[in-house]
file data09.cif (mmCIF, C-alpha atoms and all ligand atoms)
data_model
#
loop_
_atom_site.label_atom_id
_atom_site.label_comp_id
_atom_site.auth_asym_id
_atom_site.auth_seq_id
_atom_site.Cartn_x
_atom_site.Cartn_y
_atom_site.Cartn_z
CA MET A 1 -92.47 65.76 -32.75
CA PRO A 2 -95.78 65.81 -34.69
CA SER A 3 -98.64 63.96 -33.00
CA SER A 4 -100.10 61.00 -34.93
CA PRO A 5 -102.57 62.13 -37.61
CA PHE A 6 -106.32 61.88 -37.04
CA ILE A 7 -107.64 59.31 -39.53
CA ILE A 8 -111.01 58.52 -41.04
CA VAL A 9 -111.67 54.96 -42.21
CA ALA A 10 -114.82 54.37 -44.29
CA ILE A 11 -116.20 50.85 -44.63
CA ASP A 12 -119.19 50.29 -46.90
CA GLY A 13 -120.98 47.15 -48.01
CA GLY A 14 -124.23 45.24 -48.14
CA ALA A 15 -125.99 43.41 -45.32
CA ALA A 16 -123.87 40.84 -43.48
CA SER A 17 -120.81 41.58 -45.61
CA GLY A 18 -118.50 41.77 -42.57
CA LYS A 19 -118.57 45.54 -41.94
CA SER A 20 -119.45 45.46 -38.25
CA SER A 21 -117.02 42.74 -37.20
CA SER A 22 -114.10 44.25 -39.10
CA SER A 23 -114.76 47.84 -38.05
CA LYS A 24 -115.01 46.90 -34.36
CA ILE A 25 -111.67 45.09 -34.49
CA LEU A 26 -110.01 47.98 -36.34
CA ALA A 27 -111.40 50.40 -33.74
CA GLU A 28 -109.74 48.34 -31.02
CA ARG A 29 -106.41 48.01 -32.82
CA PHE A 30 -105.99 51.64 -33.85
CA ASN A 31 -107.89 53.37 -31.01
CA LEU A 32 -110.67 54.64 -33.29
CA LEU A 33 -114.25 55.64 -32.52
CA HIS A 34 -116.50 52.95 -34.02
CA VAL A 35 -119.59 54.30 -35.76
CA ASP A 36 -122.27 51.95 -37.11
CA THR A 37 -124.42 54.23 -39.25
CA GLY A 38 -126.83 51.37 -39.98
CA SER A 39 -127.84 51.56 -36.32
CA PHE A 40 -128.72 55.24 -36.88
CA TYR A 41 -131.04 54.45 -39.79
CA ARG A 42 -132.50 51.66 -37.70
CA GLY A 43 -133.00 54.05 -34.74
CA VAL A 44 -134.72 56.67 -36.88
CA THR A 45 -136.93 53.97 -38.39
CA ALA A 46 -137.92 52.62 -34.96
CA GLU A 47 -138.67 56.15 -33.72
CA LEU A 48 -140.79 57.12 -36.74
CA LEU A 49 -142.72 53.84 -36.57
CA ARG A 50 -143.28 54.42 -32.84
CA ARG A 51 -144.78 57.80 -33.73
CA GLY A 52 -147.06 56.13 -36.26
CA VAL A 53 -145.32 57.67 -39.30
CA ALA A 54 -145.34 55.46 -42.42
CA ALA A 55 -142.55 55.67 -45.01
CA SER A 56 -145.21 56.22 -47.69
CA ASP A 57 -146.46 59.40 -45.92
CA LEU A 58 -143.71 61.70 -47.18
CA PRO A 59 -144.98 64.99 -45.67
CA ALA A 60 -145.19 63.34 -42.23
CA VAL A 61 -141.71 61.80 -42.65
CA HIS A 62 -140.23 65.16 -43.71
CA ALA A 63 -141.78 66.98 -40.75
CA ALA A 64 -140.77 64.36 -38.19
CA ALA A 65 -137.24 63.76 -39.57
CA ALA A 66 -136.36 67.45 -39.33
CA GLN A 67 -137.20 67.53 -35.62
CA LEU A 68 -135.38 64.48 -34.29
CA GLY A 69 -132.82 65.73 -31.77
CA PHE A 70 -129.71 63.57 -32.04
CA GLY A 71 -127.18 63.09 -29.26
CA THR A 72 -124.32 60.66 -28.68
CA ARG A 73 -123.24 58.35 -25.88
CA LEU A 74 -120.11 56.29 -25.77
CA ALA A 75 -120.36 52.52 -25.18
CA GLY A 76 -116.79 51.25 -25.08
CA ARG A 77 -115.37 52.50 -28.38
CA SER A 78 -118.74 52.72 -30.12
CA ALA A 79 -120.91 55.80 -30.65
CA VAL A 80 -124.51 55.17 -29.60
CA MET A 81 -127.16 57.54 -30.91
CA GLU A 82 -129.76 59.17 -28.70
CA ILE A 83 -133.01 60.48 -30.11
CA GLY A 84 -134.57 63.10 -27.86
CA GLY A 85 -132.22 61.98 -25.06
CA ARG A 86 -133.26 58.33 -25.34
CA VAL A 87 -131.26 55.36 -26.62
CA ILE A 88 -133.45 52.91 -28.51
CA PRO A 89 -132.70 49.38 -27.28
CA ASP A 90 -130.76 47.06 -29.57
CA ALA A 91 -133.54 44.45 -29.54
CA GLU A 92 -135.89 47.08 -30.99
CA ILE A 93 -133.59 48.38 -33.73
CA ARG A 94 -132.71 44.83 -34.81
CA SER A 95 -136.34 43.63 -34.78
CA LYS A 96 -138.10 42.15 -37.80
CA LEU A 97 -140.34 45.22 -37.93
CA VAL A 98 -137.33 47.52 -38.35
CA ASN A 99 -135.61 45.10 -40.76
CA ASP A 100 -138.71 45.24 -42.94
CA HIS A 101 -139.02 49.05 -42.97
CA VAL A 102 -135.53 50.50 -42.65
CA SER A 103 -134.58 50.51 -46.34
CA HIS A 104 -137.80 52.31 -47.22
CA PHE A 105 -137.08 55.13 -44.76
CA ALA A 106 -133.38 55.18 -45.73
CA ALA A 107 -134.33 55.80 -49.37
CA ILE A 108 -136.01 59.12 -48.47
CA PRO A 109 -133.60 62.02 -49.13
CA GLU A 110 -134.89 64.08 -46.16
CA VAL A 111 -134.14 61.19 -43.78
CA ARG A 112 -130.59 61.00 -45.14
CA THR A 113 -130.18 64.77 -44.88
CA ALA A 114 -131.34 64.69 -41.26
CA LEU A 115 -128.52 62.24 -40.45
CA LEU A 116 -125.77 63.72 -42.65
CA SER A 117 -124.39 66.47 -40.43
CA TYR A 118 -124.84 64.33 -37.32
CA GLN A 119 -122.64 61.63 -38.88
CA ARG A 120 -119.98 64.12 -40.01
CA GLY A 121 -120.01 65.73 -36.58
CA LEU A 122 -118.90 62.48 -34.98
CA ALA A 123 -115.35 63.18 -36.20
CA GLY A 124 -115.31 66.15 -33.79
CA PHE A 125 -116.78 63.98 -31.04
CA ALA A 126 -113.98 61.44 -31.61
CA ARG A 127 -111.33 64.18 -31.29
CA GLU A 128 -112.88 65.47 -28.07
CA GLN A 129 -112.85 61.94 -26.67
CA ASN A 130 -109.16 61.54 -27.60
CA PHE A 131 -109.60 58.85 -30.20
CA ARG A 132 -106.97 58.60 -32.92
CA GLY A 133 -109.68 58.68 -35.57
CA VAL A 134 -112.99 57.24 -36.68
CA VAL A 135 -113.98 54.00 -38.37
CA MET A 136 -117.45 54.49 -39.83
CA GLU A 137 -119.43 51.69 -41.46
CA GLY A 138 -122.47 51.99 -43.69
CA ARG A 139 -123.63 52.22 -47.29
CA ASP A 140 -122.52 55.72 -48.33
CA ILE A 141 -119.62 56.59 -46.05
CA GLY A 142 -116.86 56.59 -48.69
CA SER A 143 -119.14 58.13 -51.31
CA VAL A 144 -121.18 60.80 -49.47
CA ILE A 145 -120.34 61.22 -45.77
CA PHE A 146 -116.54 61.20 -46.01
CA PRO A 147 -115.55 61.05 -49.71
CA ASP A 148 -112.09 62.31 -48.67
CA ALA A 149 -111.65 59.63 -45.98
CA ASP A 150 -108.04 58.53 -45.52
CA PHE A 151 -109.03 54.92 -46.18
CA ARG A 152 -112.07 53.59 -48.01
CA PHE A 153 -113.02 49.92 -48.12
CA PHE A 154 -115.95 48.17 -49.77
CA LEU A 155 -116.89 44.68 -48.54
CA HIS A 156 -119.00 42.24 -50.50
CA ALA A 157 -119.83 38.53 -50.45
CA ASP A 158 -122.09 36.06 -52.23
CA PRO A 159 -125.75 36.52 -51.23
CA ALA A 160 -126.03 32.87 -50.08
CA GLU A 161 -123.05 33.25 -47.76
CA ARG A 162 -124.42 36.51 -46.36
CA ALA A 163 -127.82 34.92 -45.76
CA ARG A 164 -126.09 32.06 -43.95
CA ARG A 165 -124.21 34.52 -41.69
CA ARG A 166 -127.36 36.47 -40.87
CA ALA A 167 -129.30 33.27 -40.09
CA GLN A 168 -126.48 32.23 -37.75
CA GLU A 169 -126.86 35.53 -35.88
CA GLY A 170 -130.55 34.69 -35.39
CA GLY A 171 -133.51 36.90 -36.22
CA GLN A 172 -135.47 37.28 -39.42
CA ASP A 173 -134.01 39.49 -42.09
CA SER A 174 -134.62 39.65 -45.83
CA ILE A 175 -131.19 40.94 -46.74
CA THR A 176 -131.61 40.39 -50.48
CA GLU A 177 -134.65 42.65 -50.51
CA ARG A 178 -132.88 45.32 -48.44
CA ASP A 179 -129.86 45.18 -50.75
CA ARG A 180 -132.13 45.54 -53.77
CA ILE A 181 -133.78 48.67 -52.34
CA ASP A 182 -130.46 50.09 -51.04
CA SER A 183 -128.69 49.58 -54.39
CA SER A 184 -131.46 50.95 -56.58
CA ARG A 185 -132.43 54.11 -54.65
CA LYS A 186 -131.66 57.48 -56.25
CA THR A 187 -129.98 59.10 -53.24
CA ALA A 188 -126.68 57.64 -52.02
CA PRO A 189 -127.18 54.11 -53.37
CA LEU A 190 -125.10 51.22 -52.09
CA ALA A 191 -122.16 50.94 -54.50
CA CYS A 192 -118.40 50.61 -54.34
CA PRO A 193 -117.08 54.18 -54.31
CA ASN A 194 -114.48 55.07 -56.97
CA GLY A 195 -111.03 54.43 -55.61
CA ALA A 196 -112.14 52.29 -52.65
CA LEU A 197 -110.43 48.96 -52.00
CA SER A 198 -113.03 46.30 -52.78
CA ILE A 199 -112.73 43.08 -50.75
CA ASP A 200 -114.66 39.86 -51.43
CA THR A 201 -115.26 38.27 -48.01
CA THR A 202 -117.13 35.17 -49.26
CA HIS A 203 -114.34 32.69 -48.60
CA VAL A 204 -112.12 34.80 -46.37
CA GLY A 205 -112.18 34.75 -42.59
CA ILE A 206 -112.75 38.03 -40.76
CA GLU A 207 -109.17 37.96 -39.35
CA GLN A 208 -107.75 37.98 -42.88
CA VAL A 209 -110.08 40.78 -43.95
CA VAL A 210 -109.03 42.86 -40.95
CA GLN A 211 -105.35 42.11 -41.56
CA LEU A 212 -105.61 43.36 -45.13
CA MET A 213 -107.27 46.57 -43.93
CA ALA A 214 -104.85 47.02 -41.05
CA ASP A 215 -101.85 46.52 -43.37
CA THR A 216 -103.27 49.13 -45.75
CA ILE A 217 -103.71 51.59 -42.88
CA ALA A 218 -100.30 50.80 -41.42
CA THR A 219 -98.47 51.48 -44.70
CA LYS A 220 -99.58 55.10 -44.37
CA ILE A 221 -99.60 55.77 -40.65
CA GLY A 222 -97.39 53.07 -39.17
CA PRO A 223 -98.36 49.99 -37.16
CA ALA A 224 -101.26 50.02 -34.69
O1 LIG I 301 -126.76 44.95 -40.32
P1 LIG I 301 -126.87 45.17 -41.80
O2 LIG I 301 -125.54 45.26 -42.47
O3 LIG I 301 -127.79 44.21 -42.42
O4 LIG I 301 -127.59 46.58 -42.01
P2 LIG I 301 -127.27 47.94 -41.31
O5 LIG I 301 -125.85 48.34 -41.60
O6 LIG I 301 -127.69 47.87 -39.90
O7 LIG I 301 -128.20 48.96 -42.12
C1 LIG I 301 -129.61 48.87 -42.07
C2 LIG I 301 -130.18 49.65 -43.23
O8 LIG I 301 -129.89 51.04 -43.04
C3 LIG I 301 -129.62 49.33 -44.61
O9 LIG I 301 -130.27 48.23 -45.21
C4 LIG I 301 -129.86 50.63 -45.36
O10 LIG I 301 -131.20 50.70 -45.82
C5 LIG I 301 -129.69 51.69 -44.29
N1 LIG I 301 -128.39 52.35 -44.31
C6 LIG I 301 -128.16 53.33 -45.24
O11 LIG I 301 -129.02 53.59 -46.08
N2 LIG I 301 -127.01 54.05 -45.22
C7 LIG I 301 -126.06 53.79 -44.31
N3 LIG I 301 -124.95 54.52 -44.31
C8 LIG I 301 -126.25 52.76 -43.37
C9 LIG I 301 -127.43 52.04 -43.41
#

call {"tool": "encode", "arguments": {"input": "data09.cif", "output": "structure tokens"}}
result
Amino acid sequence: MPSSPFIIVAIDGGAASGKSSSSKILAERFNLLHVDTGSFYRGVTAELLRRGVAASDLPAVHAAAAQLGFGTRLAGRSAVMEIGGRVIPDAEIRSKLVNDHVSHFAAIPEVRTALLSYQRGLAGFAREQNFRGVVMEGRDIGSVIFPDADFRFFLHADPAERARRRAQEGGQDSITERDRIDSSRKTAPLACPNGALSIDTTHVGIEQVVQLMADTIATKIGPA
């Protein structure tokens, strides 16, 4: 009797498009490791800022990014990144300071390269921890990190609706500006990957979005 296949689910989309909520629910339903790659870019940004490195100082960014030692802890079903053995608190990575700088650091190819193999390596971590697969959310998961993912989804919604959702979560965040930088950068820009299922979440509740994704997954691997 073959064991159930290990699956990789890629979910990409702009700020407040519904990636985090849907990927956490899918992780629960299908026993997947949940990976929020945005939190990694936020963590690297917080760490570089803490070291006094500005995104405009490319030589300093290149030198520092190459030496960040990444590790992983498990919090429930979610992978939490350590930098030099330390987990950067959520309040810090979701701060206005990080919101304002993260897209600038994320546009630097050397920063993306520093995180690339770490992100891919989390599939092995998920296997070791006996998960059935990985659900990874971000901006370039279906295009760059796992272009051969078993399932690739792209979530989008009207900017006004996304701004409303972010305001409801509290905190200050200029999501339009981040989306502009993320979509226009040369390396791994935010875009719907070819062949991904694109879902408009503007007028659709998160339960319906998840159901559509879960049905798509279930048609290939059976029910959760
Ligand atoms: O929470 P929100 O959806 O607004 O953003 P996030 O997923 O936490 O990502 C924060 C920032 O990290 C994005 O605006 C991108 O600049 C960057 N990012 C990226 O470049 N590539 C990824 N795979 C994930 C995030």

call {"tool": "closest_residue", "arguments": {"input": "data09.cif", "among": "A:Ser95, A:Ile199, A:Ala54, A:Val35", "to": "Gln172 of chain A", "atoms": "only C-alpha atoms"}}
result
A:Ser95

call {"tool": "residues_around", "arguments": {"input": "data09.cif", "residues": "Ser20 of chain A", "least_positions_apart": "6", "cutoff": "12 Å", "atoms": "only C-alpha atoms", "output": "list in words"}}
result
Ala10, Ile11, Asp12, Gly13, Gly14, Leu26, Ala27, His34, Val35, Asp36, Thr37, Gly38, Ser39, Ser78, Val135, Met136, Glu137, Gly138, Leu155, Ile206, Val209 and Val210 of chain A

call {"tool": "write_last_selection", "arguments": {"input": "data09.cif", "atoms": "C-alpha atoms", "output": "PDB file, in the coordinates of the input"}}
result
ATOM      1  CA  ALA A  10    -114.820  54.370 -44.290  1.00  0.00           C
ATOM      2  CA  ILE A  11    -116.200  50.850 -44.630  1.00  0.00           C
ATOM      3  CA  ASP A  12    -119.190  50.290 -46.900  1.00  0.00           C
ATOM      4  CA  GLY A  13    -120.980  47.150 -48.010  1.00  0.00           C
ATOM      5  CA  GLY A  14    -124.230  45.240 -48.140  1.00  0.00           C
ATOM      6  CA  LEU A  26    -110.010  47.980 -36.340  1.00  0.00           C
ATOM      7  CA  ALA A  27    -111.400  50.400 -33.740  1.00  0.00           C
ATOM      8  CA  HIS A  34    -116.500  52.950 -34.020  1.00  0.00           C
ATOM      9  CA  VAL A  35    -119.590  54.300 -35.760  1.00  0.00           C
ATOM     10  CA  ASP A  36    -122.270  51.950 -37.110  1.00  0.00           C
ATOM     11  CA  THR A  37    -124.420  54.230 -39.250  1.00  0.00           C
ATOM     12  CA  GLY A  38    -126.830  51.370 -39.980  1.00  0.00           C
ATOM     13  CA  SER A  39    -127.840  51.560 -36.320  1.00  0.00           C
ATOM     14  CA  SER A  78    -118.740  52.720 -30.120  1.00  0.00           C
ATOM     15  CA  VAL A 135    -113.980  54.000 -38.370  1.00  0.00           C
ATOM     16  CA  MET A 136    -117.450  54.490 -39.830  1.00  0.00           C
ATOM     17  CA  GLU A 137    -119.430  51.690 -41.460  1.00  0.00           C
ATOM     18  CA  GLY A 138    -122.470  51.990 -43.690  1.00  0.00           C
ATOM     19  CA  LEU A 155    -116.890  44.680 -48.540  1.00  0.00           C
ATOM     20  CA  ILE A 206    -112.750  38.030 -40.760  1.00  0.00           C
ATOM     21  CA  VAL A 209    -110.080  40.780 -43.950  1.00  0.00           C
ATOM     22  CA  VAL A 210    -109.030  42.860 -40.950  1.00  0.00           C
TER      23      VAL A 210
END

call {"tool": "residues_near_ligand", "arguments": {"input": "data09.cif", "ligand": "ligand LIG 301 (chain I)", "cutoff": "6 Å", "atoms": "all atoms listed in the file", "output": "PyMOL selection string"}}
result
chain A and resi 14-16+37-39+41-42+102-103+106+138-141+178+182

call {"tool": "atom_distance", "arguments": {"input": "data09.cif", "atom1": "atom CA of Arg77 of chain A", "atom2": "atom CA of Ile25 of chain A"}}
result
10.3 Å

call {"tool": "closest_residue", "arguments": {"input": "data09.cif", "among": "A:Ile175, A:Ala46, A:Ile83, A:Val9", "to": "Phe154 of chain A", "atoms": "only C-alpha atoms"}}
result
A:Val9

call {"tool": "atom_distance", "arguments": {"input": "data09.cif", "atom1": "atom CA of Leu58 of chain A", "atom2": "atom CA of Ile108 of chain A"}}
result
8.2 Å

call {"tool": "axis_aligned_box", "arguments": {"input": "data09.cif", "around": "segment 196-203 of chain A", "padding_each_side": "4 Å", "output": "lines of an AutoDock Vina configuration file"}}
result
center_x = -113.8
center_y = 42.5
center_z = -50.4
size_x = 14.7
size_y = 27.6
size_z = 12.8

call {"tool": "closest_residue", "arguments": {"input": "data09.cif", "among": "A:Asp100, A:Glu47, A:Asp200, A:Asp158", "to": "Gly171 of chain A", "atoms": "all atoms listed in the file"}}
result
A:Asp100

call {"tool": "atom_distance", "arguments": {"input": "data09.cif", "atom1": "atom CA of Ile88 of chain A", "atom2": "atom CA of His104 of chain A"}}
result
19.2 Å

call {"tool": "closest_residue", "arguments": {"input": "data09.cif", "among": "A:Thr219, A:Ala167, A:Gly18, A:Gln67", "to": "His203 of chain A", "atoms": "all atoms listed in the file"}}
result
A:Gly18

call {"tool": "decode", "arguments": {"input": "data09.cif", "residues": "segment 98-140 of chain A", "atoms": "N, CA and C atoms", "output": "PDB file, in the first residue's frame"}}
result
ATOM      1  N   VAL A  98       9.689  47.984   9.984  1.00  0.00           N
ATOM      2  CA  VAL A  98       9.924  46.871   9.055  1.00  0.00           C
ATOM      3  C   VAL A  98       8.985  46.975   7.857  1.00  0.00           C
ATOM      4  N   ASN A  99       7.717  47.314   8.089  1.00  0.00           N
ATOM      5  CA  ASN A  99       6.794  47.519   6.953  1.00  0.00           C
ATOM      6  C   ASN A  99       7.388  48.493   5.937  1.00  0.00           C
ATOM      7  N   ASP A 100       7.997  49.547   6.438  1.00  0.00           N
ATOM      8  CA  ASP A 100       8.512  50.597   5.554  1.00  0.00           C
ATOM      9  C   ASP A 100       9.773  50.174   4.789  1.00  0.00           C
ATOM     10  N   HIS A 101      10.534  49.218   5.342  1.00  0.00           N
ATOM     11  CA  HIS A 101      11.820  48.880   4.712  1.00  0.00           C
ATOM     12  C   HIS A 101      11.850  47.528   3.991  1.00  0.00           C
ATOM     13  N   VAL A 102      10.910  46.635   4.349  1.00  0.00           N
ATOM     14  CA  VAL A 102      11.065  45.252   3.890  1.00  0.00           C
ATOM     15  C   VAL A 102      11.116  45.108   2.370  1.00  0.00           C
ATOM     16  N   SER A 103      10.296  45.838   1.636  1.00  0.00           N
ATOM     17  CA  SER A 103      10.285  45.659   0.180  1.00  0.00           C
ATOM     18  C   SER A 103      11.589  46.136  -0.457  1.00  0.00           C
ATOM     19  N   HIS A 104      12.250  47.090   0.187  1.00  0.00           N
ATOM     20  CA  HIS A 104      13.522  47.572  -0.347  1.00  0.00           C
ATOM     21  C   HIS A 104      14.600  46.496  -0.191  1.00  0.00           C
ATOM     22  N   PHE A 105      14.637  45.853   0.976  1.00  0.00           N
ATOM     23  CA  PHE A 105      15.601  44.755   1.161  1.00  0.00           C
ATOM     24  C   PHE A 105      15.241  43.559   0.272  1.00  0.00           C
ATOM     25  N   ALA A 106      13.925  43.278   0.166  1.00  0.00           N
ATOM     26  CA  ALA A 106      13.488  42.096  -0.599  1.00  0.00           C
ATOM     27  C   ALA A 106      13.762  42.237  -2.095  1.00  0.00           C
ATOM     28  N   ALA A 107      14.000  43.469  -2.555  1.00  0.00           N
ATOM     29  CA  ALA A 107      14.283  43.682  -3.979  1.00  0.00           C
ATOM     30  C   ALA A 107      15.753  43.419  -4.312  1.00  0.00           C
ATOM     31  N   ILE A 108      16.584  43.202  -3.291  1.00  0.00           N
ATOM     32  CA  ILE A 108      18.027  43.017  -3.523  1.00  0.00           C
ATOM     33  C   ILE A 108      18.300  41.533  -3.797  1.00  0.00           C
ATOM     34  N   PRO A 109      18.839  41.216  -4.994  1.00  0.00           N
ATOM     35  CA  PRO A 109      19.005  39.798  -5.365  1.00  0.00           C
ATOM     36  C   PRO A 109      19.782  38.985  -4.324  1.00  0.00           C
ATOM     37  N   GLU A 110      20.823  39.582  -3.716  1.00  0.00           N
ATOM     38  CA  GLU A 110      21.635  38.821  -2.746  1.00  0.00           C
ATOM     39  C   GLU A 110      20.828  38.456  -1.500  1.00  0.00           C
ATOM     40  N   VAL A 111      19.860  39.295  -1.140  1.00  0.00           N
ATOM     41  CA  VAL A 111      18.993  38.968   0.006  1.00  0.00           C
ATOM     42  C   VAL A 111      18.119  37.775  -0.361  1.00  0.00           C
ATOM     43  N   ARG A 112      17.603  37.776  -1.586  1.00  0.00           N
ATOM     44  CA  ARG A 112      16.747  36.672  -2.033  1.00  0.00           C
ATOM     45  C   ARG A 112      17.554  35.378  -2.137  1.00  0.00           C
ATOM     46  N   THR A 113      18.792  35.503  -2.642  1.00  0.00           N
ATOM     47  CA  THR A 113      19.637  34.314  -2.756  1.00  0.00           C
ATOM     48  C   THR A 113      19.927  33.728  -1.381  1.00  0.00           C
ATOM     49  N   ALA A 114      20.153  34.605  -0.400  1.00  0.00           N
ATOM     50  CA  ALA A 114      20.466  34.129   0.949  1.00  0.00           C
ATOM     51  C   ALA A 114      19.310  33.301   1.513  1.00  0.00           C
ATOM     52  N   LEU A 115      18.084  33.612   1.102  1.00  0.00           N
ATOM     53  CA  LEU A 115      16.921  32.900   1.648  1.00  0.00           C
ATOM     54  C   LEU A 115      16.462  31.718   0.787  1.00  0.00           C
ATOM     55  N   LEU A 116      16.958  31.652  -0.451  1.00  0.00           N
ATOM     56  CA  LEU A 116      16.432  30.656  -1.396  1.00  0.00           C
ATOM     57  C   LEU A 116      16.620  29.214  -0.916  1.00  0.00           C
ATOM     58  N   SER A 117      17.864  28.831  -0.603  1.00  0.00           N
ATOM     59  CA  SER A 117      18.071  27.419  -0.246  1.00  0.00           C
ATOM     60  C   SER A 117      17.464  27.115   1.116  1.00  0.00           C
ATOM     61  N   TYR A 118      17.427  28.111   1.998  1.00  0.00           N
ATOM     62  CA  TYR A 118      16.773  27.906   3.297  1.00  0.00           C
ATOM     63  C   TYR A 118      15.297  27.534   3.081  1.00  0.00           C
ATOM     64  N   GLN A 119      14.635  28.307   2.201  1.00  0.00           N
ATOM     65  CA  GLN A 119      13.204  28.048   1.955  1.00  0.00           C
ATOM     66  C   GLN A 119      13.000  26.670   1.330  1.00  0.00           C
ATOM     67  N   ARG A 120      13.831  26.326   0.343  1.00  0.00           N
ATOM     68  CA  ARG A 120      13.677  25.004  -0.293  1.00  0.00           C
ATOM     69  C   ARG A 120      13.937  23.884   0.704  1.00  0.00           C
ATOM     70  N   GLY A 121      14.887  24.130   1.597  1.00  0.00           N
ATOM     71  CA  GLY A 121      15.249  23.111   2.580  1.00  0.00           C
ATOM     72  C   GLY A 121      14.133  22.787   3.564  1.00  0.00           C
ATOM     73  N   LEU A 122      13.147  23.654   3.654  1.00  0.00           N
ATOM     74  CA  LEU A 122      12.063  23.403   4.603  1.00  0.00           C
ATOM     75  C   LEU A 122      11.184  22.222   4.179  1.00  0.00           C
ATOM     76  N   ALA A 123      11.276  21.823   2.910  1.00  0.00           N
ATOM     77  CA  ALA A 123      10.555  20.609   2.492  1.00  0.00           C
ATOM     78  C   ALA A 123      11.154  19.413   3.233  1.00  0.00           C
ATOM     79  N   GLY A 124      12.476  19.363   3.330  1.00  0.00           N
ATOM     80  CA  GLY A 124      13.136  18.276   4.063  1.00  0.00           C
ATOM     81  C   GLY A 124      12.786  18.324   5.545  1.00  0.00           C
ATOM     82  N   PHE A 125      12.748  19.514   6.098  1.00  0.00           N
ATOM     83  CA  PHE A 125      12.368  19.693   7.509  1.00  0.00           C
ATOM     84  C   PHE A 125      10.954  19.140   7.737  1.00  0.00           C
ATOM     85  N   ALA A 126      10.051  19.438   6.799  1.00  0.00           N
ATOM     86  CA  ALA A 126       8.662  18.963   6.930  1.00  0.00           C
ATOM     87  C   ALA A 126       8.605  17.437   6.902  1.00  0.00           C
ATOM     88  N   ARG A 127       9.416  16.814   6.050  1.00  0.00           N
ATOM     89  CA  ARG A 127       9.448  15.344   5.995  1.00  0.00           C
ATOM     90  C   ARG A 127       9.954  14.777   7.312  1.00  0.00           C
ATOM     91  N   GLU A 128      11.033  15.368   7.818  1.00  0.00           N
ATOM     92  CA  GLU A 128      11.603  14.888   9.092  1.00  0.00           C
ATOM     93  C   GLU A 128      10.577  14.973  10.219  1.00  0.00           C
ATOM     94  N   GLN A 129       9.757  16.027  10.164  1.00  0.00           N
ATOM     95  CA  GLN A 129       8.778  16.247  11.235  1.00  0.00           C
ATOM     96  C   GLN A 129       7.449  15.523  10.965  1.00  0.00           C
ATOM     97  N   ASN A 130       7.482  14.655   9.943  1.00  0.00           N
ATOM     98  CA  ASN A 130       6.307  13.819   9.617  1.00  0.00           C
ATOM     99  C   ASN A 130       5.075  14.584   9.155  1.00  0.00           C
ATOM    100  N   PHE A 131       5.283  15.717   8.518  1.00  0.00           N
ATOM    101  CA  PHE A 131       4.150  16.386   7.879  1.00  0.00           C
ATOM    102  C   PHE A 131       3.878  15.697   6.540  1.00  0.00           C
ATOM    103  N   ARG A 132       2.656  15.883   6.057  1.00  0.00           N
ATOM    104  CA  ARG A 132       2.286  15.290   4.773  1.00  0.00           C
ATOM    105  C   ARG A 132       2.766  16.146   3.598  1.00  0.00           C
ATOM    106  N   GLY A 133       3.217  17.342   3.905  1.00  0.00           N
ATOM    107  CA  GLY A 133       3.696  18.236   2.861  1.00  0.00           C
ATOM    108  C   GLY A 133       3.928  19.625   3.422  1.00  0.00           C
ATOM    109  N   VAL A 134       4.027  20.583   2.513  1.00  0.00           N
ATOM    110  CA  VAL A 134       4.298  21.970   2.895  1.00  0.00           C
ATOM    111  C   VAL A 134       3.295  22.882   2.209  1.00  0.00           C
ATOM    112  N   VAL A 135       2.790  23.877   2.930  1.00  0.00           N
ATOM    113  CA  VAL A 135       2.079  24.968   2.268  1.00  0.00           C
ATOM    114  C   VAL A 135       2.903  26.221   2.520  1.00  0.00           C
ATOM    115  N   MET A 136       3.424  26.786   1.438  1.00  0.00           N
ATOM    116  CA  MET A 136       4.336  27.930   1.560  1.00  0.00           C
ATOM    117  C   MET A 136       3.703  29.146   0.909  1.00  0.00           C
ATOM    118  N   GLU A 137       3.660  30.252   1.639  1.00  0.00           N
ATOM    119  CA  GLU A 137       3.041  31.475   1.118  1.00  0.00           C
ATOM    120  C   GLU A 137       4.089  32.559   0.913  1.00  0.00           C
ATOM    121  N   GLY A 138       3.890  33.363  -0.133  1.00  0.00           N
ATOM    122  CA  GLY A 138       4.848  34.443  -0.380  1.00  0.00           C
ATOM    123  C   GLY A 138       4.542  35.207  -1.651  1.00  0.00           C
ATOM    124  N   ARG A 139       5.598  35.605  -2.347  1.00  0.00           N
ATOM    125  CA  ARG A 139       5.441  36.381  -3.581  1.00  0.00           C
ATOM    126  C   ARG A 139       6.004  35.627  -4.787  1.00  0.00           C
ATOM    127  N   ASP A 140       6.917  34.683  -4.534  1.00  0.00           N
ATOM    128  CA  ASP A 140       7.632  34.016  -5.630  1.00  0.00           C
ATOM    129  C   ASP A 140       7.702  32.510  -5.404  1.00  0.00           C
TER     130      ASP A 140
END
